[in-house]
file protein-v9.cif (mmCIF, C-alpha atoms)
data_entry
loop_
_atom_site.label_atom_id
_atom_site.label_comp_id
_atom_site.auth_asym_id
_atom_site.auth_seq_id
_atom_site.Cartn_x
_atom_site.Cartn_y
_atom_site.Cartn_z
CA MET A 22 0.00 0.00 0.00
CA ILE A 23 1.99 3.03 1.15
CA THR A 24 5.72 3.26 0.67
CA SER A 25 6.67 4.03 4.25
CA ASP A 26 5.36 2.11 7.25
CA PRO A 27 2.48 4.21 8.65
CA THR A 28 2.59 2.42 11.98
CA SER A 29 6.01 3.93 12.61
CA ILE A 30 4.52 7.44 12.70
CA LYS A 31 3.85 8.71 16.20
CA ILE A 32 0.44 10.15 16.84
CA GLY A 33 0.25 12.92 19.44
CA LYS A 34 -1.89 12.15 22.47
CA GLN A 35 -5.13 14.06 22.36
CA SER A 36 -5.36 14.08 26.14
CA SER A 37 -2.50 16.60 26.27
CA GLU A 38 -4.56 19.31 24.60
CA ARG A 39 -8.17 20.45 24.51
CA ARG A 40 -10.20 18.79 21.77
CA ASP A 41 -11.21 22.18 20.35
CA GLN A 42 -7.52 22.97 19.95
CA GLU A 43 -6.38 19.85 18.19
CA MET A 44 -3.67 20.40 15.63
CA VAL A 45 -5.06 20.40 12.07
CA SER A 46 -2.98 19.75 8.95
CA VAL A 47 -4.17 20.58 5.44
CA VAL A 48 -2.52 18.41 2.76
CA ILE A 49 -2.56 19.60 -0.87
CA PRO A 50 -1.15 17.45 -3.71
CA CYS A 51 0.16 19.77 -6.39
CA TYR A 52 1.85 19.79 -9.80
CA ASN A 53 2.05 22.76 -12.19
CA GLU A 54 -0.79 24.65 -10.53
CA GLU A 55 0.34 28.27 -10.86
CA ARG A 56 -3.17 29.27 -12.03
CA PHE A 57 -5.03 27.86 -9.04
CA ILE A 58 -2.76 27.29 -6.03
CA ASP A 59 -2.86 30.91 -4.83
CA LYS A 60 -6.68 30.91 -4.71
CA ALA A 61 -6.67 27.68 -2.73
CA LEU A 62 -4.05 28.86 -0.23
CA ARG A 63 -5.65 32.24 0.37
CA GLN A 64 -9.04 30.68 1.04
CA LEU A 65 -7.47 28.20 3.45
CA ALA A 66 -5.38 30.77 5.32
CA ASP A 67 -7.99 31.81 7.91
CA GLN A 68 -9.85 28.53 8.27
CA TYR A 69 -8.42 27.64 11.68
CA ASP A 70 -6.43 29.08 14.58
CA ALA A 71 -2.89 29.59 13.24
CA LYS A 72 -1.34 28.21 16.45
CA TYR A 73 -2.91 24.81 15.76
CA TYR A 74 -2.87 24.84 12.00
CA GLU A 75 -0.51 24.04 9.15
CA ILE A 76 -0.71 23.76 5.37
CA ILE A 77 1.43 21.16 3.60
CA VAL A 78 1.79 21.44 -0.18
CA VAL A 79 3.17 18.23 -1.67
CA ASP A 80 4.66 19.31 -4.98
CA GLY A 81 5.52 16.92 -7.79
CA GLN A 82 8.50 19.04 -8.86
CA SER A 83 6.42 21.63 -10.70
CA GLU A 84 7.96 23.13 -13.83
CA ASP A 85 5.90 26.33 -13.92
CA ARG A 86 5.67 29.19 -11.39
CA THR A 87 3.90 27.12 -8.73
CA ARG A 88 6.81 27.34 -6.26
CA GLU A 89 7.11 31.10 -6.74
CA VAL A 90 3.40 31.55 -6.06
CA ILE A 91 3.66 29.45 -2.88
CA ALA A 92 6.75 31.39 -1.73
CA GLN A 93 4.93 34.68 -2.26
CA PHE A 94 1.98 33.43 -0.22
CA MET A 95 4.31 32.33 2.58
CA SER A 96 5.99 35.73 2.71
CA GLU A 97 2.58 37.42 3.01
CA HIS A 98 1.44 35.05 5.80
CA PRO A 99 4.40 34.71 8.18
CA GLN A 100 2.10 33.76 11.07
CA LEU A 101 0.96 30.62 9.24
CA SER A 102 2.91 27.35 9.06
CA VAL A 103 3.23 26.43 5.38
CA PHE A 104 5.53 23.66 4.18
CA VAL A 105 6.44 22.27 0.78
CA VAL A 106 7.18 18.54 0.56
CA GLU A 107 8.84 17.03 -2.50
CA ASN A 108 6.98 14.33 -4.42
CA PRO A 109 9.30 12.88 -7.07
CA ALA A 110 6.71 10.18 -7.87
CA ARG A 111 4.37 12.87 -9.24
CA ASN A 112 1.15 11.05 -8.41
CA ILE A 113 -1.66 11.93 -6.04
CA PRO A 114 -1.80 8.91 -3.66
CA THR A 115 1.96 9.14 -3.02
CA ALA A 116 1.58 12.88 -2.46
CA LEU A 117 -1.19 12.28 0.06
CA ASN A 118 0.83 9.69 1.97
CA LEU A 119 3.90 11.93 2.04
CA GLY A 120 1.81 14.84 3.25
CA VAL A 121 -0.06 12.93 5.95
CA ALA A 122 3.19 11.29 7.14
CA THR A 123 4.70 14.76 7.53
CA ALA A 124 1.61 16.22 9.19
CA ARG A 125 1.85 17.19 12.85
CA GLY A 126 -1.90 17.37 13.22
CA ASN A 127 -4.25 14.85 14.79
CA ILE A 128 -6.75 15.81 12.10
CA VAL A 129 -5.95 15.93 8.38
CA ALA A 130 -7.88 17.90 5.76
CA ARG A 131 -7.21 16.56 2.26
CA MET A 132 -7.60 19.42 -0.19
CA ASP A 133 -6.65 20.07 -3.81
CA ALA A 134 -4.82 22.81 -5.69
CA HIS A 135 -7.83 23.00 -8.04
CA ALA A 136 -10.26 23.46 -5.15
CA VAL A 137 -11.32 26.52 -3.16
CA PRO A 138 -13.21 25.70 0.07
CA SER A 139 -15.96 27.92 1.39
CA SER A 140 -15.29 29.95 4.53
CA GLY A 141 -15.31 27.73 7.60
CA TYR A 142 -14.96 24.48 5.64
CA VAL A 143 -12.05 23.15 7.68
CA ARG A 144 -13.35 24.29 11.06
CA ARG A 145 -16.79 22.80 10.41
CA CYS A 146 -15.32 19.44 9.34
CA VAL A 147 -13.17 19.41 12.48
CA GLU A 148 -16.22 20.13 14.65
CA VAL A 149 -18.14 17.24 13.06
CA LEU A 150 -15.23 14.85 13.65
CA GLN A 151 -14.92 15.96 17.27
CA LYS A 152 -18.62 15.61 18.04
CA SER A 153 -19.27 12.29 16.33
CA ASP A 154 -17.78 8.88 15.62
CA VAL A 155 -17.67 9.26 11.84
CA GLY A 156 -14.53 8.22 10.03
CA VAL A 157 -14.52 10.81 7.24
CA VAL A 158 -16.40 14.06 6.73
CA GLY A 159 -16.51 16.25 3.63
CA MET A 160 -18.75 18.77 1.90
CA PRO A 161 -20.36 19.08 -1.54
CA CYS A 162 -18.15 19.86 -4.50
CA HIS A 163 -19.45 22.74 -6.65
CA VAL A 164 -17.84 22.40 -10.07
CA GLN A 165 -16.76 25.66 -11.69
CA PRO A 166 -15.57 26.30 -15.26
CA GLY A 167 -11.81 26.06 -15.71
CA ALA A 168 -11.86 28.95 -18.20
CA ASN A 169 -14.21 31.65 -19.42
CA THR A 170 -15.30 29.80 -22.57
CA LEU A 171 -18.60 28.24 -23.57
CA MET A 172 -16.99 24.78 -23.75
CA ALA A 173 -15.48 25.12 -20.28
CA LYS A 174 -18.87 26.14 -18.90
CA ALA A 175 -20.54 23.18 -20.65
CA VAL A 176 -17.98 20.78 -19.17
CA ALA A 177 -18.53 22.16 -15.67
CA GLN A 178 -22.29 21.71 -15.98
CA ALA A 179 -22.00 18.20 -17.43
CA VAL A 180 -19.78 16.86 -14.64
CA SER A 181 -22.16 18.17 -11.98
CA HIS A 182 -25.39 16.90 -13.57
CA SER A 183 -26.92 13.54 -12.67
CA PHE A 184 -27.12 12.56 -16.36
CA GLY A 185 -23.39 13.13 -16.64
CA ILE A 186 -22.09 11.52 -13.45
CA GLY A 187 -24.99 9.58 -11.91
CA ASP A 188 -25.90 9.74 -8.24
CA ALA A 189 -22.56 10.83 -6.77
CA SER A 190 -24.03 12.90 -3.93
CA TYR A 191 -21.04 15.13 -3.34
CA ARG A 192 -21.15 16.36 -6.96
CA LEU A 193 -24.88 17.14 -7.07
CA GLN A 194 -26.26 20.41 -5.76
CA LYS A 195 -29.49 19.43 -4.09
CA GLY A 196 -31.51 20.12 -1.01
CA GLY A 197 -32.41 17.70 1.73
CA ALA A 198 -30.83 16.85 5.05
CA LEU A 199 -27.89 18.86 6.33
CA GLN A 200 -25.91 15.65 6.72
CA GLU A 201 -26.00 12.46 4.68
CA SER A 202 -24.17 9.15 4.87
CA VAL A 203 -22.54 8.58 1.47
CA ASP A 204 -20.11 6.21 -0.25
CA THR A 205 -17.45 8.85 -0.88
CA VAL A 206 -16.54 12.54 -0.66
CA ALA A 207 -13.92 14.45 -2.62
CA PHE A 208 -12.07 16.65 -0.11
CA ALA A 209 -12.28 14.95 3.24
CA CYS A 210 -11.20 15.43 6.83
CA PHE A 211 -10.17 12.44 8.92
CA ARG A 212 -8.02 11.55 11.90
CA LYS A 213 -4.41 10.65 11.27
CA GLU A 214 -4.74 7.48 13.33
CA LEU A 215 -7.43 6.28 10.89
CA TRP A 216 -4.98 6.73 8.01
CA VAL A 217 -2.41 4.72 9.98
CA GLU A 218 -4.94 1.99 10.79
CA LEU A 219 -6.00 1.59 7.16
CA GLY A 220 -2.44 1.61 5.82
CA GLY A 221 -2.71 4.96 4.08
CA PHE A 222 -3.75 5.64 0.49
CA ASP A 223 -3.09 2.89 -2.03
CA GLU A 224 -0.18 4.20 -4.09
CA SER A 225 -0.77 1.63 -6.84
CA LEU A 226 -4.14 3.29 -7.63
CA LEU A 227 -3.17 6.44 -9.49
CA THR A 228 -6.82 7.51 -9.69
CA ASN A 229 -9.78 6.58 -7.44
CA GLU A 230 -7.49 6.71 -4.41
CA ASP A 231 -10.11 8.76 -2.52
CA TYR A 232 -12.94 6.36 -3.34
CA ASP A 233 -10.74 3.42 -2.35
CA PHE A 234 -9.80 5.04 0.96
CA ASN A 235 -13.42 5.87 1.76
CA TYR A 236 -14.50 2.36 0.78
CA ARG A 237 -12.02 0.93 3.30
CA VAL A 238 -13.29 3.41 5.89
CA ARG A 239 -16.83 2.09 5.40
CA ARG A 240 -15.59 -1.51 5.45
CA SER A 241 -14.00 -0.80 8.83
CA GLY A 242 -17.47 0.02 10.19
CA ARG A 243 -17.11 3.80 10.15
CA GLU A 244 -19.31 6.34 8.39
CA VAL A 245 -18.41 8.62 5.49
CA LEU A 246 -20.45 11.77 6.08
CA LEU A 247 -21.41 14.53 3.64
CA ASP A 248 -22.09 17.78 5.50
CA ARG A 249 -23.97 20.40 3.47
CA SER A 250 -23.24 23.42 5.66
CA GLY A 251 -20.50 24.50 3.24
CA HIS A 252 -18.93 23.48 -0.03
CA CYS A 253 -15.76 23.41 -2.08
CA ASP A 254 -15.45 25.01 -5.51
CA TYR A 255 -13.57 22.75 -7.93
CA PHE A 256 -12.33 23.95 -11.33
CA ALA A 257 -13.09 21.44 -14.08
CA ARG A 258 -11.23 20.76 -17.31
CA SER A 259 -11.72 23.54 -19.83
CA THR A 260 -11.52 21.61 -23.13
CA LEU A 261 -13.15 18.53 -24.62
CA LYS A 262 -9.71 16.98 -25.14
CA GLY A 263 -8.81 17.49 -21.49
CA LEU A 264 -12.15 16.05 -20.38
CA ALA A 265 -11.72 12.96 -22.60
CA ALA A 266 -8.22 12.32 -21.23
CA GLN A 267 -9.49 12.70 -17.67
CA TYR A 268 -12.36 10.24 -18.09
CA LEU A 269 -10.24 7.73 -19.99
CA ARG A 270 -8.01 7.71 -16.92
CA TYR A 271 -10.96 7.58 -14.51
CA GLY A 272 -12.60 4.64 -16.28
CA GLY A 273 -9.41 2.61 -16.48
CA TRP A 274 -8.50 3.06 -12.84
CA LYS A 275 -12.08 2.41 -11.71
CA ALA A 276 -11.82 -0.97 -13.47
CA GLU A 277 -8.56 -1.66 -11.64
CA MET A 278 -10.20 -0.87 -8.32
CA VAL A 279 -13.25 -3.05 -9.10
CA ARG A 280 -10.91 -5.90 -9.99
CA ARG A 281 -9.32 -5.62 -6.53
CA ARG A 282 -12.42 -4.75 -4.54
CA PRO A 283 -15.54 -6.07 -6.34
CA GLY A 284 -17.77 -5.01 -3.46
CA SER A 285 -16.99 -1.35 -4.14
CA ILE A 286 -18.96 -1.18 -7.39
CA LYS A 287 -22.17 0.87 -7.54
CA LEU A 288 -25.00 0.86 -10.07
CA ARG A 289 -23.86 4.20 -11.49
CA HIS A 290 -20.52 2.63 -12.40
CA LEU A 291 -22.26 0.16 -14.74
CA VAL A 292 -24.39 2.58 -16.77
CA ALA A 293 -21.72 3.94 -19.13
CA PRO A 294 -20.11 0.53 -19.80
CA THR A 295 -23.55 -0.95 -20.54
CA PHE A 296 -24.24 1.89 -22.97
CA VAL A 297 -20.95 1.25 -24.77
CA ILE A 298 -21.63 -2.50 -24.96
CA SER A 299 -25.09 -1.88 -26.42
CA LEU A 300 -23.64 0.38 -29.14
CA VAL A 301 -21.06 -2.22 -30.14
CA VAL A 302 -23.48 -5.18 -30.04
CA LEU A 303 -26.20 -3.43 -32.04
CA SER A 304 -23.67 -2.16 -34.59
CA LEU A 305 -22.32 -5.68 -35.18
CA LEU A 306 -25.78 -7.23 -35.10
CA GLY A 307 -26.86 -4.96 -37.94
CA PHE A 308 -24.50 -6.76 -40.35
CA PHE A 309 -26.50 -9.97 -39.85
CA TRP A 310 -29.93 -8.65 -38.93
CA GLN A 311 -30.93 -5.20 -40.16
CA VAL A 312 -33.20 -4.69 -37.15
CA GLY A 313 -30.00 -4.26 -35.10
CA TRP A 314 -29.23 -1.01 -36.90
CA TRP A 315 -32.79 0.19 -36.42
CA LEU A 316 -32.51 -0.51 -32.71
CA LEU A 317 -29.18 1.33 -32.68
CA ALA A 318 -30.79 4.35 -34.34
CA VAL A 319 -33.63 4.33 -31.80
CA GLU A 320 -31.16 4.10 -28.93
CA LEU A 321 -29.08 7.01 -30.23
CA VAL A 322 -32.15 9.17 -30.79
CA PHE A 323 -33.34 8.34 -27.27
CA TYR A 324 -29.89 9.06 -25.79
CA PHE A 325 -29.42 12.41 -27.52
CA SER A 326 -32.99 13.45 -26.70
CA ILE A 327 -32.27 12.91 -23.00
CA ALA A 328 -28.91 14.64 -23.41
CA LEU A 329 -30.58 17.67 -24.99
CA PHE A 330 -33.17 17.79 -22.21
CA ALA A 331 -30.46 17.52 -19.53
CA GLY A 332 -28.43 20.11 -21.41
CA SER A 333 -31.33 22.54 -21.44
CA GLN A 334 -31.70 22.08 -17.67
CA ALA A 335 -27.99 22.76 -17.18
CA THR A 336 -28.09 25.79 -19.48
CA ARG A 337 -30.99 27.36 -17.60
CA LYS A 338 -29.29 26.67 -14.28
CA ALA A 339 -26.06 28.28 -15.47
CA LYS A 340 -28.00 31.18 -17.03
CA GLU A 341 -26.00 30.76 -20.21
CA SER A 342 -26.94 31.35 -23.85
CA TRP A 343 -28.93 28.65 -25.63
CA ALA A 344 -25.89 27.94 -27.78
CA MET A 345 -24.56 25.87 -24.88
CA ILE A 346 -27.43 23.39 -25.27
CA MET A 347 -25.94 22.15 -28.54
CA LEU A 348 -22.60 21.49 -26.84
CA MET A 349 -24.03 19.57 -23.90
CA PRO A 350 -24.86 16.28 -25.73
CA VAL A 351 -21.31 16.20 -27.12
CA VAL A 352 -19.86 16.71 -23.65
CA PHE A 353 -22.16 14.09 -22.09
CA ALA A 354 -21.26 11.59 -24.82
CA THR A 355 -17.55 12.27 -24.32
CA ILE A 356 -17.87 11.46 -20.60
CA HIS A 357 -19.91 8.29 -21.12
CA LEU A 358 -18.02 6.87 -24.10
CA THR A 359 -14.50 7.52 -22.81
CA TRP A 360 -15.26 6.34 -19.26
CA GLY A 361 -17.29 3.32 -20.37
CA SER A 362 -14.83 2.19 -23.06
CA SER A 363 -11.79 2.59 -20.80
CA PHE A 364 -13.54 0.71 -17.99
CA LEU A 365 -14.42 -2.23 -20.24
CA LEU A 366 -11.04 -2.46 -21.97
CA SER A 367 -9.16 -2.26 -18.68
CA LEU A 368 -11.43 -4.73 -16.89
CA SER A 369 -11.05 -7.22 -19.73
CA GLY A 370 -7.28 -6.80 -19.82
CA LEU A 371 -7.32 -5.49 -23.41
CA ARG A 372 -5.90 -2.16 -22.25
CA SER A 373 -2.94 -1.65 -19.95
CA LYS A 374 -3.21 0.64 -16.93
CA PRO A 375 -3.79 4.29 -17.92
#
call {"tool": "encode", "arguments": {"input": "protein-v9.cif", "output": "structure tokens"}}
result
Amino acid sequence: MITSDPTSIKIGKQSSERRDQEMVSVVIPCYNEERFIDKALRQLADQYDAKYYEIIVVDGQSEDRTREVIAQFMSEHPQLSVFVVENPARNIPTALNLGVATARGNIVARMDAHAVPSSGYVRRCVEVLQKSDVGVVGMPCHVQPGANTLMAKAVAQAVSHSFGIGDASYRLQKGGALQESVDTVAFACFRKELWVELGGFDESLLTNEDYDFNYRVRRSGREVLLDRSGHCDYFARSTLKGLAAQYLRYGGWKAEMVRRRPGSIKLRHLVAPTFVISLVVLSLLGFFWQVGWWLLAVELVFYFSIALFAGSQATRKAKESWAMIMLMPVVFATIHLTWGSSFLLSLSGLRSKP
């Protein structure tokens, strides 16, 4: 699992300090994030008492101005403990393990350079952990456009719509109870001793490491809690090419996780692969039985009709021009086809790890 032995890391005794003054460590994996890291750091700066608070940026040897931006932030916030840890492996699970291993805090907040938490995000998560027996707590993820273009806005809407990503509660902006038990959250807070107990993040899973960690939390009998009193803004990919590459990677690594932990699969994970299978089967069937092509045509008309309807919902919600509606089916199809195809090819062994 993790490279270093987590059991060798000493955990400070909570009895030596008041529970409302537990040390909190924010861990941020980072690589070439000069556009976003400053926003994330500035929003995190006042989230907790500086005497009991630190921010650890685990940098994968960035080649842009990321380090300069971090250094500038540090010079402007001398009262705050900010550290940079080297991550030569340049992958997220290794970055998380390096950061948590370095952390002095009893409580760890896993954040992201692409994410900007709402005011009070960290303090609220800490309060929930202190007042309950949950294993992990996080808040909804509000997806924002990665650029000021119509395509970027369409991508942001697609990856936060139920037609695009299914019933992933932390991605969907909806009403209901303030707190909800869920299968996973994106940017979570947890106790360092839980990370030690579970053996850290699985460094062989280069994507889905959060879902895998939360799955093991639930398997240990603890709850993964979504608290809706705040949120985290996350900046999505801004181009169709970037989105396709992201979901090719997601689908392939989800298949790898399912191969290792079959019990982790959810119904939403099967929808896109089933759609891809149906397209292939009906296309091939048409060569022998023409009805197959008619069924394929009906399926595609049905799919794009739903995609247009979902796109119109997303366009109205975003208060964008109606031109975005025509982009939405293309974006939805990109998500479903790349994720579903990569999942199937990887699960069958026809495609190597992404």
call {"tool": "resolve_selection", "arguments": {"input": "protein-v9.cif", "expression": "the PyMOL selection byres ((chain A and resi 350) around 10)", "output": "VMD selection string"}}
result
chain A and resid 175 179 185 324 to 333 345 to 349 351 to 356
call {"tool": "write_last_selection", "arguments": {"input": "protein-v9.cif", "atoms": "C-alpha atoms", "output": "short mmCIF file (atom, residue, chain, number, x, y, z; two decimals), in the frame of the given file"}}
result
data_model
loop_
_atom_site.label_atom_id
_atom_site.label_comp_id
_atom_site.auth_asym_id
_atom_site.auth_seq_id
_atom_site.Cartn_x
_atom_site.Cartn_y
_atom_site.Cartn_z
CA ALA A 175 -20.54 23.18 -20.65
CA ALA A 179 -22.00 18.20 -17.43
CA GLY A 185 -23.39 13.13 -16.64
CA TYR A 324 -29.89 9.06 -25.79
CA PHE A 325 -29.42 12.41 -27.52
CA SER A 326 -32.99 13.45 -26.70
CA ILE A 327 -32.27 12.91 -23.00
CA ALA A 328 -28.91 14.64 -23.41
CA LEU A 329 -30.58 17.67 -24.99
CA PHE A 330 -33.17 17.79 -22.21
CA ALA A 331 -30.46 17.52 -19.53
CA GLY A 332 -28.43 20.11 -21.41
CA SER A 333 -31.33 22.54 -21.44
CA MET A 345 -24.56 25.87 -24.88
CA ILE A 346 -27.43 23.39 -25.27
CA MET A 347 -25.94 22.15 -28.54
CA LEU A 348 -22.60 21.49 -26.84
CA MET A 349 -24.03 19.57 -23.90
CA VAL A 351 -21.31 16.20 -27.12
CA VAL A 352 -19.86 16.71 -23.65
CA PHE A 353 -22.16 14.09 -22.09
CA ALA A 354 -21.26 11.59 -24.82
CA THR A 355 -17.55 12.27 -24.32
CA ILE A 356 -17.87 11.46 -20.60
#
call {"tool": "closest_residue", "arguments": {"input": "protein-v9.cif", "among": "A:Ser83, A:Ser96, A:Ser304, A:Ser299", "to": "A:Pro109", "atoms": "all atoms listed in the file"}}
result
A:Ser83
call {"tool": "residues_around", "arguments": {"input": "protein-v9.cif", "residues": "A:Cys146", "least_positions_apart": "5", "cutoff": "7 Å", "atoms": "all atoms listed in the file", "output": "list in words"}}
result
Val158, Gly159 and Cys210 of chain A
call {"tool": "write_last_selection", "arguments": {"input": "protein-v9.cif", "atoms": "C-alpha atoms", "output": "compact mmCIF listing (two decimals), in the coordinates of the input"}}
result
# COMPACT_ATOMS: atom_id res chain seq x y z
CA VAL A 158 -16.40 14.06 6.73
CA GLY A 159 -16.51 16.25 3.63
CA CYS A 210 -11.20 15.43 6.83
call {"tool": "atom_distance", "arguments": {"input": "protein-v9.cif", "atom1": "atom CA of A:Ser342", "atom2": "atom CA of A:Thr170"}}
result
11.8 Å
call {"tool": "resolve_selection", "arguments": {"input": "protein-v9.cif", "expression": "the PyMOL selection byres ((chain A and resi 258) around 8)", "output": "ChimeraX atom specification"}}
result
/A:166-167,173,176-177,256-257,259-261,263-264
call {"tool": "write_last_selection", "arguments": {"input": "protein-v9.cif", "atoms": "C-alpha atoms", "output": "mmCIF file, keeping the file's coordinate frame"}}
result
data_model
loop_
_atom_site.group_PDB
_atom_site.id
_atom_site.type_symbol
_atom_site.label_atom_id
_atom_site.label_comp_id
_atom_site.auth_asym_id
_atom_site.auth_seq_id
_atom_site.Cartn_x
_atom_site.Cartn_y
_atom_site.Cartn_z
ATOM 1 C CA PRO A 166 -15.570 26.300 -15.260
ATOM 2 C CA GLY A 167 -11.810 26.060 -15.710
ATOM 3 C CA ALA A 173 -15.480 25.120 -20.280
ATOM 4 C CA VAL A 176 -17.980 20.780 -19.170
ATOM 5 C CA ALA A 177 -18.530 22.160 -15.670
ATOM 6 C CA PHE A 256 -12.330 23.950 -11.330
ATOM 7 C CA ALA A 257 -13.090 21.440 -14.080
ATOM 8 C CA SER A 259 -11.720 23.540 -19.830
ATOM 9 C CA THR A 260 -11.520 21.610 -23.130
ATOM 10 C CA LEU A 261 -13.150 18.530 -24.620
ATOM 11 C CA GLY A 263 -8.810 17.490 -21.490
ATOM 12 C CA LEU A 264 -12.150 16.050 -20.380
#
call {"tool": "resolve_selection", "arguments": {"input": "protein-v9.cif", "expression": "the PyMOL selection byres ((chain A and resi 143) around 12)", "output": "ChimeraX atom specification"}}
result
/A:44-48,64-70,74-76,128-132,137-142,144-150,158-160,208-211,248,250-253
call {"tool": "residues_around", "arguments": {"input": "protein-v9.cif", "residues": "stretch 283-293 of chain A", "least_positions_apart": "4", "cutoff": "7 Å", "atoms": "only C-alpha atoms", "output": "short mmCIF file (atom, residue, chain, number, x, y, z; two decimals) with C-alpha atoms, in the frame of the given file"}}
result
data_model
loop_
_atom_site.label_atom_id
_atom_site.label_comp_id
_atom_site.auth_asym_id
_atom_site.auth_seq_id
_atom_site.Cartn_x
_atom_site.Cartn_y
_atom_site.Cartn_z
CA GLY A 187 -24.99 9.58 -11.91
CA ASP A 188 -25.90 9.74 -8.24
CA TYR A 236 -14.50 2.36 0.78
CA VAL A 279 -13.25 -3.05 -9.10
CA VAL A 297 -20.95 1.25 -24.77
CA HIS A 357 -19.91 8.29 -21.12
CA LEU A 358 -18.02 6.87 -24.10
CA TRP A 360 -15.26 6.34 -19.26
CA GLY A 361 -17.29 3.32 -20.37
#
call {"tool": "closest_residue", "arguments": {"input": "protein-v9.cif", "among": "A:Ile298, A:Leu227, A:Leu303, A:Cys162", "to": "A:Ile113", "atoms": "only C-alpha atoms"}}
result
A:Leu227
call {"tool": "residues_near_point", "arguments": {"input": "protein-v9.cif", "point": "(-5.2, 3.8, -1.7)", "cutoff": "8 Å", "atoms": "only C-alpha atoms", "output": "list in words"}}
result
Met22, Ile23, Pro114, Gly221, Phe222, Asp223, Glu224, Ser225, Leu226, Asn229, Glu230, Asp231, Asp233 and Phe234 of chain A
call {"tool": "closest_residue", "arguments": {"input": "protein-v9.cif", "among": "A:Arg280, A:Leu300, A:Leu215, A:Ser362", "to": "A:Tyr268", "atoms": "all atoms listed in the file"}}
result
A:Ser362
call {"tool": "atom_distance", "arguments": {"input": "protein-v9.cif", "atom1": "atom CA of A:Tyr232", "atom2": "atom CA of A:Arg111"}}
result
19.4 Å
call {"tool": "closest_residue", "arguments": {"input": "protein-v9.cif", "among": "A:Cys51, A:Asp85, A:Val206, A:Lys152", "to": "A:Val105", "atoms": "all atoms listed in the file"}}
result
A:Cys51
call {"tool": "closest_residue", "arguments": {"input": "protein-v9.cif", "among": "A:Gly156, A:Thr228, A:Glu320, A:Met278", "to": "A:Thr115", "atoms": "only C-alpha atoms"}}
result
A:Thr228
call {"tool": "axis_aligned_box", "arguments": {"input": "protein-v9.cif", "around": "stretch 322-332 of chain A", "padding_each_side": "8 Å", "output": "AutoDock Vina command-line options"}}
result
--center_x -30.9 --center_y 14.2 --center_z -25.2 --size_x 20.9 --size_y 27.8 --size_z 27.3
call {"tool": "residues_around", "arguments": {"input": "protein-v9.cif", "residues": "A:Thr87", "least_positions_apart": "3", "cutoff": "7 Å", "atoms": "only C-alpha atoms", "output": "list of chain:residue names"}}
result
A:Asn53, A:Glu54, A:Glu55, A:Ser83, A:Val90, A:Ile91
call {"tool": "atom_distance", "arguments": {"input": "protein-v9.cif", "atom1": "atom CA of A:Tyr191", "atom2": "atom CA of A:His135"}}
result
16.1 Å
call {"tool": "closest_residue", "arguments": {"input": "protein-v9.cif", "among": "A:Asp80, A:Glu43, A:Glu244, A:Glu214", "to": "A:Ala122", "atoms": "only C-alpha atoms"}}
result
A:Glu214
call {"tool": "residues_around", "arguments": {"input": "protein-v9.cif", "residues": "A:Leu368", "least_positions_apart": "2", "cutoff": "12 Å", "atoms": "all atoms listed in the file", "output": "mmCIF file with C-alpha atoms, in the coordinates of the input"}}
result
data_model
loop_
_atom_site.group_PDB
_atom_site.id
_atom_site.type_symbol
_atom_site.label_atom_id
_atom_site.label_comp_id
_atom_site.auth_asym_id
_atom_site.auth_seq_id
_atom_site.Cartn_x
_atom_site.Cartn_y
_atom_site.Cartn_z
ATOM 1 C CA GLY A 272 -12.600 4.640 -16.280
ATOM 2 C CA GLY A 273 -9.410 2.610 -16.480
ATOM 3 C CA TRP A 274 -8.500 3.060 -12.840
ATOM 4 C CA LYS A 275 -12.080 2.410 -11.710
ATOM 5 C CA ALA A 276 -11.820 -0.970 -13.470
ATOM 6 C CA GLU A 277 -8.560 -1.660 -11.640
ATOM 7 C CA MET A 278 -10.200 -0.870 -8.320
ATOM 8 C CA VAL A 279 -13.250 -3.050 -9.100
ATOM 9 C CA ARG A 280 -10.910 -5.900 -9.990
ATOM 10 C CA ARG A 281 -9.320 -5.620 -6.530
ATOM 11 C CA PRO A 283 -15.540 -6.070 -6.340
ATOM 12 C CA PRO A 294 -20.110 0.530 -19.800
ATOM 13 C CA TRP A 360 -15.260 6.340 -19.260
ATOM 14 C CA GLY A 361 -17.290 3.320 -20.370
ATOM 15 C CA SER A 362 -14.830 2.190 -23.060
ATOM 16 C CA SER A 363 -11.790 2.590 -20.800
ATOM 17 C CA PHE A 364 -13.540 0.710 -17.990
ATOM 18 C CA LEU A 365 -14.420 -2.230 -20.240
ATOM 19 C CA LEU A 366 -11.040 -2.460 -21.970
ATOM 20 C CA GLY A 370 -7.280 -6.800 -19.820
ATOM 21 C CA LEU A 371 -7.320 -5.490 -23.410
ATOM 22 C CA ARG A 372 -5.900 -2.160 -22.250
ATOM 23 C CA SER A 373 -2.940 -1.650 -19.950
ATOM 24 C CA LYS A 374 -3.210 0.640 -16.930
ATOM 25 C CA PRO A 375 -3.790 4.290 -17.920
#
